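One file, input.csv, is given below (CSV, N, CA and C atoms).
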chain,number,residue,atom,x,y,z
A,1,MET,N,88.5,72.2,176.7
A,1,MET,CA,89.9,72.4,176.5
A,1,MET,C,90.5,71.2,175.8
A,2,ALA,N,91.3,71.3,174.8
A,2,ALA,CA,92.0,70.2,174.1
A,2,ALA,C,93.1,69.6,175.0
A,3,ARG,N,93.4,68.4,174.8
A,3,ARG,CA,94.4,67.7,175.6
A,3,ARG,C,95.8,68.4,175.5
A,4,ASN,N,96.5,68.4,176.6
A,4,ASN,CA,97.9,68.9,176.7
A,4,ASN,C,98.1,70.4,176.5
A,5,GLU,N,97.0,71.2,176.5
A,5,GLU,CA,97.2,72.6,176.4
A,5,GLU,C,98.0,73.2,177.5
A,6,LYS,N,97.8,72.9,178.7
A,6,LYS,CA,98.5,73.4,179.8
A,6,LYS,C,100.0,73.1,179.7
A,7,GLU,N,100.3,71.8,179.4
A,7,GLU,CA,101.7,71.4,179.3
A,7,GLU,C,102.5,72.1,178.2
A,8,VAL,N,101.8,72.4,177.1
A,8,VAL,CA,102.4,73.1,176.0
A,8,VAL,C,102.6,74.6,176.3
A,9,LYS,N,101.6,75.2,176.8
A,9,LYS,CA,101.6,76.6,177.1
A,9,LYS,C,102.5,77.0,178.3
A,10,GLU,N,102.8,76.0,179.2
A,10,GLU,CA,103.7,76.3,180.3
A,10,GLU,C,105.0,75.5,180.2
A,11,ASN,N,105.4,75.3,179.0
A,11,ASN,CA,106.6,74.5,178.6
A,11,ASN,C,107.8,75.2,179.2
A,12,LEU,N,108.8,74.3,179.6
A,12,LEU,CA,110.1,74.8,180.1
A,12,LEU,C,110.7,75.9,179.2
A,13,PHE,N,110.6,75.7,177.9
A,13,PHE,CA,111.3,76.6,176.9
A,13,PHE,C,110.4,77.8,176.5
A,14,GLY,N,109.2,77.8,177.0
A,14,GLY,CA,108.3,79.0,176.7
A,14,GLY,C,107.4,78.7,175.5
A,15,PHE,N,106.3,79.4,175.5
A,15,PHE,CA,105.3,79.2,174.5
A,15,PHE,C,105.6,80.0,173.2
A,16,GLY,N,106.1,81.2,173.3
A,16,GLY,CA,106.4,81.9,172.1
A,16,GLY,C,105.3,82.8,171.6
A,17,ASP,N,105.5,83.4,170.5
A,17,ASP,CA,104.5,84.3,169.9
A,17,ASP,C,104.0,83.7,168.6
A,18,PHE,N,102.8,84.2,168.2
A,18,PHE,CA,102.2,83.7,167.0
A,18,PHE,C,103.2,83.7,165.9
A,19,ASN,N,103.3,82.6,165.1
A,19,ASN,CA,104.4,82.4,164.1
A,19,ASN,C,104.0,83.0,162.8
A,20,SER,N,103.9,84.3,162.8
A,20,SER,CA,103.4,85.1,161.6
A,20,SER,C,104.3,85.0,160.4
A,21,ALA,N,105.6,84.9,160.7
A,21,ALA,CA,106.6,84.8,159.6
A,21,ALA,C,106.4,83.6,158.7
A,22,TYR,N,106.0,82.5,159.3
A,22,TYR,CA,105.8,81.2,158.6
A,22,TYR,C,104.4,80.8,158.5
A,23,ALA,N,103.4,81.6,158.9
A,23,ALA,CA,102.0,81.2,158.9
A,23,ALA,C,101.5,80.6,157.6
A,24,LYS,N,102.0,81.1,156.5
A,24,LYS,CA,101.6,80.6,155.2
A,24,LYS,C,102.0,79.2,154.9
A,25,TYR,N,102.9,78.7,155.7
A,25,TYR,CA,103.4,77.3,155.5
A,25,TYR,C,102.8,76.3,156.5
A,26,PHE,N,101.8,76.8,157.3
A,26,PHE,CA,101.1,76.0,158.3
A,26,PHE,C,99.6,76.0,158.0
A,27,GLU,N,99.0,74.9,158.3
A,27,GLU,CA,97.5,74.8,158.4
A,27,GLU,C,97.2,74.8,159.9
A,28,GLY,N,96.6,75.9,160.3
A,28,GLY,CA,96.3,76.1,161.8
A,28,GLY,C,97.4,77.1,162.3
A,29,ASP,N,97.2,77.3,163.6
A,29,ASP,CA,98.1,78.3,164.3
A,29,ASP,C,99.3,77.6,165.0
A,30,SER,N,100.5,78.2,164.8
A,30,SER,CA,101.7,77.8,165.5
A,30,SER,C,102.3,79.0,166.1
A,31,PHE,N,103.2,78.7,167.1
A,31,PHE,CA,103.8,79.7,167.9
A,31,PHE,C,105.3,79.4,168.0
A,32,LEU,N,106.1,80.4,167.9
A,32,LEU,CA,107.5,80.2,167.8
A,32,LEU,C,108.3,81.0,168.9
A,33,LYS,N,109.2,80.3,169.5
A,33,LYS,CA,110.1,81.0,170.5
A,33,LYS,C,111.5,80.7,170.1
A,34,GLY,N,112.2,81.7,169.5
A,34,GLY,CA,113.6,81.4,169.2
A,34,GLY,C,114.5,81.3,170.4
A,35,LEU,N,115.3,80.3,170.4
A,35,LEU,CA,116.1,80.0,171.6
A,35,LEU,C,117.6,80.3,171.4
A,36,ALA,N,118.1,79.9,170.2
A,36,ALA,CA,119.5,80.2,169.9
A,36,ALA,C,119.7,80.2,168.4
A,37,SER,N,120.7,81.0,168.0
A,37,SER,CA,121.1,81.0,166.6
A,37,SER,C,122.6,81.3,166.5
A,38,ASP,N,123.3,80.6,165.7
A,38,ASP,CA,124.7,80.8,165.5
A,38,ASP,C,124.9,81.1,164.0
A,39,GLU,N,125.3,82.3,163.7
A,39,GLU,CA,125.5,82.7,162.3
A,39,GLU,C,126.6,81.9,161.6
A,40,GLU,N,127.7,81.7,162.3
A,40,GLU,CA,128.8,81.0,161.8
A,40,GLU,C,128.5,79.6,161.3
A,41,SER,N,127.8,78.8,162.2
A,41,SER,CA,127.5,77.4,161.9
A,41,SER,C,126.2,77.3,161.1
A,42,GLY,N,125.4,78.4,161.1
A,42,GLY,CA,124.1,78.3,160.4
A,42,GLY,C,123.1,77.5,161.1
A,43,ILE,N,123.3,77.2,162.4
A,43,ILE,CA,122.3,76.4,163.2
A,43,ILE,C,121.4,77.3,164.0
A,44,GLY,N,120.1,77.0,164.0
A,44,GLY,CA,119.1,77.7,164.8
A,44,GLY,C,118.4,76.7,165.7
A,45,VAL,N,118.0,77.1,166.8
A,45,VAL,CA,117.2,76.3,167.7
A,45,VAL,C,115.9,77.1,168.1
A,46,GLY,N,114.8,76.5,168.0
A,46,GLY,CA,113.5,77.2,168.3
A,46,GLY,C,112.5,76.2,169.0
A,47,GLN,N,111.7,76.7,169.8
A,47,GLN,CA,110.6,76.0,170.4
A,47,GLN,C,109.4,76.3,169.5
A,48,VAL,N,108.8,75.3,168.9
A,48,VAL,CA,107.6,75.5,168.1
A,48,VAL,C,106.4,74.8,168.8
A,49,SER,N,105.3,75.5,168.9
A,49,SER,CA,104.1,75.0,169.6
A,49,SER,C,103.0,75.0,168.5
A,50,PHE,N,102.2,74.0,168.5
A,50,PHE,CA,101.1,73.8,167.5
A,50,PHE,C,99.8,73.6,168.2
A,51,GLU,N,98.7,74.4,167.8
A,51,GLU,CA,97.4,74.1,168.3
A,51,GLU,C,96.9,72.8,167.8
A,52,PRO,N,95.9,72.2,168.4
A,52,PRO,CA,95.4,70.9,167.9
A,52,PRO,C,95.1,70.9,166.4
A,53,GLY,N,95.6,69.9,165.7
A,53,GLY,CA,95.4,69.8,164.2
A,53,GLY,C,96.3,70.6,163.4
A,54,CYS,N,97.1,71.5,163.9
A,54,CYS,CA,98.0,72.3,163.2
A,54,CYS,C,99.2,71.5,162.7
A,55,ARG,N,99.6,71.7,161.5
A,55,ARG,CA,100.8,71.0,160.9
A,55,ARG,C,101.4,71.9,159.9
A,56,ASN,N,102.7,71.7,159.6
A,56,ASN,CA,103.3,72.5,158.6
A,56,ASN,C,103.2,71.7,157.3
A,57,HIS,N,103.5,72.4,156.2
A,57,HIS,CA,103.5,71.8,154.9
A,57,HIS,C,104.7,70.9,154.7
A,58,TRP,N,104.6,70.0,153.7
A,58,TRP,CA,105.8,69.2,153.3
A,58,TRP,C,106.9,70.2,153.1
A,59,HIS,N,108.1,69.8,153.5
A,59,HIS,CA,109.3,70.7,153.3
A,59,HIS,C,110.6,69.8,153.4
A,60,ARG,N,111.7,70.5,153.0
A,60,ARG,CA,113.0,69.8,153.2
A,60,ARG,C,114.0,70.8,153.6
A,61,HIS,N,115.1,70.4,154.2
A,61,HIS,CA,116.2,71.3,154.6
A,61,HIS,C,117.3,70.9,153.7
A,62,VAL,N,117.7,71.9,152.9
A,62,VAL,CA,118.8,71.7,151.9
A,62,VAL,C,120.1,72.2,152.4
A,63,GLY,N,121.1,71.4,152.4
A,63,GLY,CA,122.4,71.8,152.9
A,63,GLY,C,122.5,71.7,154.4
A,64,GLY,N,121.7,70.8,155.0
A,64,GLY,CA,121.7,70.8,156.5
A,64,GLY,C,121.0,69.6,157.0
A,65,PHE,N,120.1,69.8,158.0
A,65,PHE,CA,119.4,68.8,158.7
A,65,PHE,C,118.4,69.4,159.6
A,66,GLN,N,117.6,68.6,160.2
A,66,GLN,CA,116.7,69.1,161.3
A,66,GLN,C,116.6,68.0,162.4
A,67,ILE,N,116.6,68.4,163.6
A,67,ILE,CA,116.4,67.5,164.7
A,67,ILE,C,115.2,68.0,165.5
A,68,LEU,N,114.2,67.1,165.7
A,68,LEU,CA,113.0,67.4,166.4
A,68,LEU,C,112.9,66.7,167.7
A,69,ILE,N,112.7,67.4,168.8
A,69,ILE,CA,112.7,66.8,170.1
A,69,ILE,C,111.3,67.2,170.7
A,70,CYS,N,110.4,66.3,170.9
A,70,CYS,CA,109.1,66.6,171.5
A,70,CYS,C,109.2,66.9,172.9
A,71,THR,N,108.7,68.1,173.3
A,71,THR,CA,108.8,68.6,174.7
A,71,THR,C,107.5,68.5,175.4
A,72,ALA,N,106.3,68.5,174.7
A,72,ALA,CA,105.0,68.4,175.4
A,72,ALA,C,104.0,68.0,174.3
A,73,GLY,N,102.9,67.5,174.8
A,73,GLY,CA,101.8,67.2,174.0
A,73,GLY,C,101.9,65.9,173.1
A,74,GLU,N,101.2,65.9,172.0
A,74,GLU,CA,101.2,64.7,171.1
A,74,GLU,C,101.1,65.2,169.7
A,75,GLY,N,102.0,64.7,168.9
A,75,GLY,CA,102.1,65.1,167.5
A,75,GLY,C,102.5,64.0,166.6
A,76,TRP,N,102.8,64.4,165.3
A,76,TRP,CA,103.1,63.4,164.3
A,76,TRP,C,104.3,64.0,163.5
A,77,TYR,N,105.1,63.0,162.9
A,77,TYR,CA,106.2,63.3,162.0
A,77,TYR,C,106.1,62.3,160.9
A,78,GLN,N,106.3,62.7,159.7
A,78,GLN,CA,106.3,61.8,158.5
A,78,GLN,C,107.3,62.2,157.5
A,79,ALA,N,108.2,61.3,157.1
A,79,ALA,CA,109.1,61.5,156.0
A,79,ALA,C,108.4,60.9,154.7
A,80,GLU,N,108.6,61.5,153.6
A,80,GLU,CA,108.0,61.0,152.4
A,80,GLU,C,108.3,59.5,152.1
A,81,GLY,N,107.2,58.8,151.8
A,81,GLY,CA,107.4,57.4,151.5
A,81,GLY,C,107.4,56.5,152.7
A,82,GLN,N,107.3,57.1,153.9
A,82,GLN,CA,107.4,56.3,155.2
A,82,GLN,C,106.0,56.5,155.9
A,83,PRO,N,105.7,55.5,156.8
A,83,PRO,CA,104.5,55.7,157.6
A,83,PRO,C,104.7,56.9,158.6
A,84,ALA,N,103.6,57.6,159.0
A,84,ALA,CA,103.7,58.6,160.0
A,84,ALA,C,104.0,58.0,161.3
A,85,GLN,N,104.7,58.7,162.2
A,85,GLN,CA,105.0,58.2,163.5
A,85,GLN,C,104.6,59.2,164.5
A,86,LYS,N,103.9,58.7,165.6
A,86,LYS,CA,103.4,59.6,166.6
A,86,LYS,C,104.6,60.1,167.5
A,87,MET,N,104.6,61.3,167.9
A,87,MET,CA,105.6,61.9,168.8
A,87,MET,C,105.0,62.3,170.1
A,88,THR,N,105.6,61.8,171.2
A,88,THR,CA,105.2,62.2,172.6
A,88,THR,C,106.5,62.7,173.3
A,89,PRO,N,106.3,63.4,174.4
A,89,PRO,CA,107.5,64.0,175.1
A,89,PRO,C,108.6,63.0,175.3
A,90,GLY,N,109.8,63.5,174.9
A,90,GLY,CA,111.0,62.7,174.9
A,90,GLY,C,111.4,62.1,173.6
A,91,ASP,N,110.5,62.0,172.6
A,91,ASP,CA,110.8,61.4,171.3
A,91,ASP,C,111.7,62.4,170.5
A,92,VAL,N,112.6,61.8,169.8
A,92,VAL,CA,113.6,62.5,169.0
A,92,VAL,C,113.6,62.0,167.6
A,93,VAL,N,113.5,62.9,166.6
A,93,VAL,CA,113.6,62.5,165.2
A,93,VAL,C,114.7,63.3,164.5
A,94,ILE,N,115.6,62.6,163.8
A,94,ILE,CA,116.6,63.2,163.0
A,94,ILE,C,116.2,63.2,161.6
A,95,VAL,N,116.2,64.3,161.0
A,95,VAL,CA,115.8,64.5,159.5
A,95,VAL,C,117.0,64.8,158.8
A,96,PRO,N,117.5,63.9,157.9
A,96,PRO,CA,118.7,64.1,157.2
A,96,PRO,C,118.5,65.2,156.1
A,97,ASP,N,119.6,65.7,155.6
A,97,ASP,CA,119.6,66.7,154.5
A,97,ASP,C,118.8,66.2,153.3
A,98,GLY,N,117.8,67.1,152.9
A,98,GLY,CA,117.0,66.9,151.7
A,98,GLY,C,115.9,66.0,151.8
A,99,VAL,N,115.6,65.4,153.0
A,99,VAL,CA,114.4,64.5,153.2
A,99,VAL,C,113.1,65.3,153.3
A,100,LYS,N,112.2,65.0,152.4
A,100,LYS,CA,110.9,65.7,152.4
A,100,LYS,C,110.1,65.1,153.6
A,101,HIS,N,109.5,66.0,154.4
A,101,HIS,CA,108.8,65.6,155.6
A,101,HIS,C,107.9,66.7,156.0
A,102,TRP,N,107.0,66.4,157.0
A,102,TRP,CA,106.2,67.3,157.7
A,102,TRP,C,106.0,66.9,159.2
A,103,HIS,N,105.6,67.8,160.0
A,103,HIS,CA,105.3,67.5,161.4
A,103,HIS,C,104.2,68.4,161.9
A,104,GLY,N,103.5,68.0,163.0
A,104,GLY,CA,102.4,68.8,163.5
A,104,GLY,C,101.6,68.1,164.6
A,105,ALA,N,100.6,68.8,165.1
A,105,ALA,CA,99.9,68.3,166.3
A,105,ALA,C,98.8,67.2,165.9
A,106,SER,N,98.5,66.3,166.8
A,106,SER,CA,97.4,65.4,166.7
A,106,SER,C,96.1,66.3,166.6
A,107,PRO,N,95.1,65.8,166.0
A,107,PRO,CA,93.9,66.5,165.8
A,107,PRO,C,93.2,67.0,167.1
A,108,ASP,N,93.5,66.3,168.2
A,108,ASP,CA,92.8,66.7,169.5
A,108,ASP,C,93.8,67.0,170.6
A,109,SER,N,95.0,67.4,170.2
A,109,SER,CA,96.1,67.7,171.3
A,109,SER,C,97.0,68.8,170.8
A,110,TRP,N,97.3,69.6,171.8
A,110,TRP,CA,98.4,70.6,171.6
A,110,TRP,C,99.7,69.8,171.5
A,111,PHE,N,100.8,70.4,170.8
A,111,PHE,CA,102.0,69.7,170.6
A,111,PHE,C,103.1,70.8,170.6
A,112,SER,N,104.3,70.4,171.2
A,112,SER,CA,105.4,71.3,171.0
A,112,SER,C,106.7,70.5,170.9
A,113,HIS,N,107.6,71.1,170.1
A,113,HIS,CA,108.9,70.4,170.0
A,113,HIS,C,110.0,71.5,169.8
A,114,LEU,N,111.2,71.1,170.2
A,114,LEU,CA,112.4,71.9,169.8
A,114,LEU,C,112.8,71.5,168.4
A,115,ALA,N,113.2,72.5,167.6
A,115,ALA,CA,113.6,72.2,166.3
A,115,ALA,C,115.1,72.8,166.2
A,116,VAL,N,116.0,71.9,166.0
A,116,VAL,CA,117.4,72.3,165.7
A,116,VAL,C,117.6,72.1,164.2
A,117,THR,N,117.9,73.3,163.6
A,117,THR,CA,117.8,73.3,162.1
A,117,THR,C,119.1,73.9,161.5
A,118,LYS,N,119.6,73.3,160.5
A,118,LYS,CA,120.7,73.9,159.7
A,118,LYS,C,120.3,73.7,158.2
A,119,GLY,N,120.6,74.7,157.4
A,119,GLY,CA,120.3,74.7,156.0
A,119,GLY,C,119.1,75.6,155.6
A,120,LYS,N,118.9,75.6,154.3
A,120,LYS,CA,117.8,76.4,153.8
A,120,LYS,C,116.5,75.5,153.7
A,121,THR,N,115.4,76.1,154.2
A,121,THR,CA,114.2,75.3,154.2
A,121,THR,C,113.5,75.6,152.9
A,122,GLU,N,113.1,74.5,152.2
A,122,GLU,CA,112.4,74.6,150.9
A,122,GLU,C,111.0,74.1,151.2
A,123,TRP,N,110.0,75.1,151.2
A,123,TRP,CA,108.6,74.8,151.5
A,123,TRP,C,107.9,74.2,150.3
A,124,LEU,N,107.1,73.2,150.5
A,124,LEU,CA,106.4,72.5,149.4
A,124,LEU,C,104.9,72.5,149.7
A,125,GLU,N,104.2,71.5,149.2
A,125,GLU,CA,102.7,71.5,149.2
A,125,GLU,C,102.2,71.1,150.6
A,126,GLU,N,100.8,71.4,150.8
A,126,GLU,CA,100.1,71.0,152.0
A,126,GLU,C,100.1,69.5,152.2
A,127,VAL,N,99.9,69.1,153.4
A,127,VAL,CA,99.7,67.6,153.7
A,127,VAL,C,98.2,67.3,153.4
A,128,ALA,N,98.0,66.8,152.2
A,128,ALA,CA,96.6,66.6,151.8
A,128,ALA,C,95.8,65.5,152.6
A,129,ASP,N,96.5,64.5,153.0
A,129,ASP,CA,95.7,63.3,153.6
A,129,ASP,C,95.9,63.3,155.1
A,130,TYR,N,96.0,64.4,155.8
A,130,TYR,CA,96.3,64.5,157.2
A,130,TYR,C,95.3,63.7,158.1
A,131,ASP,N,94.1,63.9,157.8
A,131,ASP,CA,93.0,63.2,158.6
A,131,ASP,C,93.2,61.7,158.5
A,132,GLU,N,93.5,61.2,157.4
A,132,GLU,CA,93.7,59.8,157.2
A,132,GLU,C,95.0,59.3,157.9
A,133,ILE,N,96.0,60.1,157.8
A,133,ILE,CA,97.3,59.7,158.4
A,133,ILE,C,97.2,59.7,160.0
A,134,THR,N,96.5,60.6,160.5
A,134,THR,CA,96.5,60.7,162.0
A,134,THR,C,95.3,60.0,162.6
A,135,ARG,N,94.5,59.3,161.9
A,135,ARG,CA,93.3,58.6,162.4
A,135,ARG,C,93.9,57.3,163.2
A,136,GLU,N,93.5,57.2,164.4
A,136,GLU,CA,94.0,56.1,165.2
A,136,GLU,C,93.4,54.8,164.7
A,137,LYS,N,94.2,53.8,164.6
A,137,LYS,CA,93.8,52.5,164.0
A,137,LYS,C,93.2,51.6,165.1
Take the structure from the file and write it as structure tokens.
Amino acid sequence: MARNEKEVKENLFGFGDFNSAYAKYFEGDSFLKGLASDEESGIGVGQVSFEPGCRNHWHRHVGGFQILICTAGEGWYQAEGQPAQKMTPGDVVIVPDGVKHWHGASPDSWFSHLAVTKGKTEWLEEVADYDEITREK
């Protein structure tokens, strides 16, 4: 069993269903549980869970932002041109409008985060150097 599987699957916000709507933008399997959505403000909140090694493609949020709050497991976040940063429970990342970034699970750990998102998501290329980025120094 990979690290943190129980913590992610028994998360306070729930595990969710296979993320089939966005599967083409992920390497590996992710699971999504929608928590709140407000049409007037355009803000959505979801719990996203990642199997070990799963990560999304580079992307940006246009006309909005994204806030990531790690709820269980261990993962990574990286903004373009910046070093990757490890995320563990309680870590919060604010992604400003238009910043190209990606996030996902460590190679040997499950990972989950809340994603508070506003704006249109523009999906980009895969994270080509993931193994090098996440290798412990």
Using only N, CA and C atoms, find the one residue out of A:His103, A:His59, A:Gln47, A:Ala2 that sits nearest to Thr121 of chain A.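 The closest residue to Thr121 of chain A is A:His59.
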Counting only C-alpha atoms, which of A:Asp97, A:His61, A:Ile67, A:Asp29 gets nearest to Val45 of chain A? A:Ile67
Pick the closest to Trp123 of chain A from A:Phe111, A:Phe13, A:Phe26, A:Phe50: which is it, counting only C-alpha atoms?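 For Trp123 of chain A, the nearest of the given residues is A:Phe26.
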Pick out each residue of chain A that DSSP on the backbone tags as strand (DSSP E or B); I need them as a ChimeraX atom specification. /A:3,17-18,26-27,30-38,43-50,55-56,59-73,75-79,85-87,92-95,101-105,109,111-123
Can you tell me, as a PyMOL selection string, what residues are no more than 6 Å from Glu5 of chain A when counting only N, CA and C atoms, ignoring any on the same chain fewer than 4 positions away? chain A and resi 9-10+110
Write the residues you've just listed into a file as a PDB file, in the coordinates of the input, and include N, CA and C atoms for each of them.
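Written output follows (out.pdb):
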ATOM      1  N   LYS A   9     101.600  75.200 176.800  1.00  0.00           N
ATOM      2  CA  LYS A   9     101.600  76.600 177.100  1.00  0.00           C
ATOM      3  C   LYS A   9     102.500  77.000 178.300  1.00  0.00           C
ATOM      4  N   GLU A  10     102.800  76.000 179.200  1.00  0.00           N
ATOM      5  CA  GLU A  10     103.700  76.300 180.300  1.00  0.00           C
ATOM      6  C   GLU A  10     105.000  75.500 180.200  1.00  0.00           C
ATOM      7  N   TRP A 110      97.300  69.600 171.800  1.00  0.00           N
ATOM      8  CA  TRP A 110      98.400  70.600 171.600  1.00  0.00           C
ATOM      9  C   TRP A 110      99.700  69.800 171.500  1.00  0.00           C
TER      10      TRP A 110
END
If we count all atoms listed in the file and set the cut-off at 7 Å, which residues sit around Lys118 of chain A, ignoring sequence neighbours fewer than 2 positions away in its own chain? Please answer as a PyMOL selection string. chain A and resi 41-44+61-67+116+120-121
Under the rule that all atoms listed in the file are counted, which of A:Arg60, A:Lys6, A:Arg55, A:Arg135 is the nearest residue to Ser30 of chain A?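 Among A:Arg60, A:Lys6, A:Arg55, A:Arg135, it is A:Arg55 that comes nearest to Ser30 of chain A.
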For a test of reading the model, state the distance in Å between atom N of Ala79 of chain A and atom CA of His101 of chain A, rounded to one decimal.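 Going from atom N of Ala79 of chain A over to atom CA of His101 of chain A, I get 4.6 Å.
The spacing separating atom C of Glu74 of chain A from atom C of Pro89 of chain A amounts to 9.6 Å.
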Neighbouring residues of segment 105-108 of chain A were defined as those with any atom within 8 Å, considering all atoms listed in the file; residues of the same chain fewer than 4 positions away were excluded. Please report them as a PyMOL selection string. chain A and resi 1-5+49-56+73-77+87+112+131+134-135
Find the spatial neighbours of Gln78 of chain A, counting only C-alpha atoms, within a cut-off of 9 Å - ignore same-chain residues fewer than 6 positions away - and output them as a list in words. Ala84, Gln85, Lys86, Lys100, His101, Trp102 and His103 of chain A
At a cut-off of 6 Å, using only N, CA and C atoms, what residues contact segment 15-19 of chain A? Leave out same-chain residues fewer than 3 positions from it and give the result as a PyMOL selection string. chain A and resi 8-9+11+22-23+30-33
Go ahead and save the picked residues with N, CA and C atoms, as a PDB file, keeping the file's coordinate frame.
ATOM      1  N   VAL A   8     101.800  72.400 177.100  1.00  0.00           N
ATOM      2  CA  VAL A   8     102.400  73.100 176.000  1.00  0.00           C
ATOM      3  C   VAL A   8     102.600  74.600 176.300  1.00  0.00           C
ATOM      4  N   LYS A   9     101.600  75.200 176.800  1.00  0.00           N
ATOM      5  CA  LYS A   9     101.600  76.600 177.100  1.00  0.00           C
ATOM      6  C   LYS A   9     102.500  77.000 178.300  1.00  0.00           C
ATOM      7  N   ASN A  11     105.400  75.300 179.000  1.00  0.00           N
ATOM      8  CA  ASN A  11     106.600  74.500 178.600  1.00  0.00           C
ATOM      9  C   ASN A  11     107.800  75.200 179.200  1.00  0.00           C
ATOM     10  N   TYR A  22     106.000  82.500 159.300  1.00  0.00           N
ATOM     11  CA  TYR A  22     105.800  81.200 158.600  1.00  0.00           C
ATOM     12  C   TYR A  22     104.400  80.800 158.500  1.00  0.00           C
ATOM     13  N   ALA A  23     103.400  81.600 158.900  1.00  0.00           N
ATOM     14  CA  ALA A  23     102.000  81.200 158.900  1.00  0.00           C
ATOM     15  C   ALA A  23     101.500  80.600 157.600  1.00  0.00           C
ATOM     16  N   SER A  30     100.500  78.200 164.800  1.00  0.00           N
ATOM     17  CA  SER A  30     101.700  77.800 165.500  1.00  0.00           C
ATOM     18  C   SER A  30     102.300  79.000 166.100  1.00  0.00           C
ATOM     19  N   PHE A  31     103.200  78.700 167.100  1.00  0.00           N
ATOM     20  CA  PHE A  31     103.800  79.700 167.900  1.00  0.00           C
ATOM     21  C   PHE A  31     105.300  79.400 168.000  1.00  0.00           C
ATOM     22  N   LEU A  32     106.100  80.400 167.900  1.00  0.00           N
ATOM     23  CA  LEU A  32     107.500  80.200 167.800  1.00  0.00           C
ATOM     24  C   LEU A  32     108.300  81.000 168.900  1.00  0.00           C
ATOM     25  N   LYS A  33     109.200  80.300 169.500  1.00  0.00           N
ATOM     26  CA  LYS A  33     110.100  81.000 170.500  1.00  0.00           C
ATOM     27  C   LYS A  33     111.500  80.700 170.100  1.00  0.00           C
TER      28      LYS A  33
END
May I ask for the distance between atom N of Ala72 of chain A and atom N of His113 of chain A, given in Å to one decimal place?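 Computing the Euclidean distance for atom N of Ala72 of chain A and atom N of His113 of chain A yields 5.4 Å.
Considering the residues A:Thr88, A:Leu124, A:Asp129, A:Gly98 and counting only N, CA and C atoms, Trp58 of chain A has its shortest atom-to-atom contact with A:Leu124.
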Could you pull out the residues in segment 56-133 of chain A that DSSP calls alpha helix (DSSP H) from the backbone, as a compact mmCIF listing (two decimals) with N, CA and C atoms, in the frame of the given file?
# COMPACT_ATOMS: atom_id res chain seq x y z
N TYR A 130 96.00 64.40 155.80
CA TYR A 130 96.30 64.50 157.20
C TYR A 130 95.30 63.70 158.10
N ASP A 131 94.10 63.90 157.80
CA ASP A 131 93.00 63.20 158.60
C ASP A 131 93.20 61.70 158.50
N GLU A 132 93.50 61.20 157.40
CA GLU A 132 93.70 59.80 157.20
C GLU A 132 95.00 59.30 157.90
N ILE A 133 96.00 60.10 157.80
CA ILE A 133 97.30 59.70 158.40
C ILE A 133 97.20 59.70 160.00
Where atoms are missing, can you supply N, CA, C and O atoms for segment 50-59 of chain A and output the lot as a PDB file, in the frame of the given file?
ATOM      1  N   PHE A  50     102.200  74.000 168.500  1.00  0.00           N
ATOM      2  CA  PHE A  50     101.100  73.800 167.500  1.00  0.00           C
ATOM      3  C   PHE A  50      99.800  73.600 168.200  1.00  0.00           C
ATOM      4  O   PHE A  50      99.655  72.849 169.186  1.00  0.00           O
ATOM      5  N   GLU A  51      98.700  74.400 167.800  1.00  0.00           N
ATOM      6  CA  GLU A  51      97.400  74.100 168.300  1.00  0.00           C
ATOM      7  C   GLU A  51      96.900  72.800 167.800  1.00  0.00           C
ATOM      8  O   GLU A  51      97.491  72.251 166.797  1.00  0.00           O
ATOM      9  N   PRO A  52      95.900  72.200 168.400  1.00  0.00           N
ATOM     10  CA  PRO A  52      95.400  70.900 167.900  1.00  0.00           C
ATOM     11  C   PRO A  52      95.100  70.900 166.400  1.00  0.00           C
ATOM     12  O   PRO A  52      94.475  71.873 165.858  1.00  0.00           O
ATOM     13  N   GLY A  53      95.600  69.900 165.700  1.00  0.00           N
ATOM     14  CA  GLY A  53      95.400  69.800 164.200  1.00  0.00           C
ATOM     15  C   GLY A  53      96.300  70.600 163.400  1.00  0.00           C
ATOM     16  O   GLY A  53      96.339  70.457 162.150  1.00  0.00           O
ATOM     17  N   CYS A  54      97.100  71.500 163.900  1.00  0.00           N
ATOM     18  CA  CYS A  54      98.000  72.300 163.200  1.00  0.00           C
ATOM     19  C   CYS A  54      99.200  71.500 162.700  1.00  0.00           C
ATOM     20  O   CYS A  54      99.706  70.667 163.439  1.00  0.00           O
ATOM     21  N   ARG A  55      99.600  71.700 161.500  1.00  0.00           N
ATOM     22  CA  ARG A  55     100.800  71.000 160.900  1.00  0.00           C
ATOM     23  C   ARG A  55     101.400  71.900 159.900  1.00  0.00           C
ATOM     24  O   ARG A  55     100.718  72.768 159.277  1.00  0.00           O
ATOM     25  N   ASN A  56     102.700  71.700 159.600  1.00  0.00           N
ATOM     26  CA  ASN A  56     103.300  72.500 158.600  1.00  0.00           C
ATOM     27  C   ASN A  56     103.200  71.700 157.300  1.00  0.00           C
ATOM     28  O   ASN A  56     102.782  70.560 157.209  1.00  0.00           O
ATOM     29  N   HIS A  57     103.500  72.400 156.200  1.00  0.00           N
ATOM     30  CA  HIS A  57     103.500  71.800 154.900  1.00  0.00           C
ATOM     31  C   HIS A  57     104.700  70.900 154.700  1.00  0.00           C
ATOM     32  O   HIS A  57     105.639  70.931 155.470  1.00  0.00           O
ATOM     33  N   TRP A  58     104.600  70.000 153.700  1.00  0.00           N
ATOM     34  CA  TRP A  58     105.800  69.200 153.300  1.00  0.00           C
ATOM     35  C   TRP A  58     106.900  70.200 153.100  1.00  0.00           C
ATOM     36  O   TRP A  58     106.737  71.314 152.564  1.00  0.00           O
ATOM     37  N   HIS A  59     108.100  69.800 153.500  1.00  0.00           N
ATOM     38  CA  HIS A  59     109.300  70.700 153.300  1.00  0.00           C
ATOM     39  C   HIS A  59     110.600  69.800 153.400  1.00  0.00           C
ATOM     40  O   HIS A  59     110.509  68.678 153.805  1.00  0.00           O
TER      41      HIS A  59
END
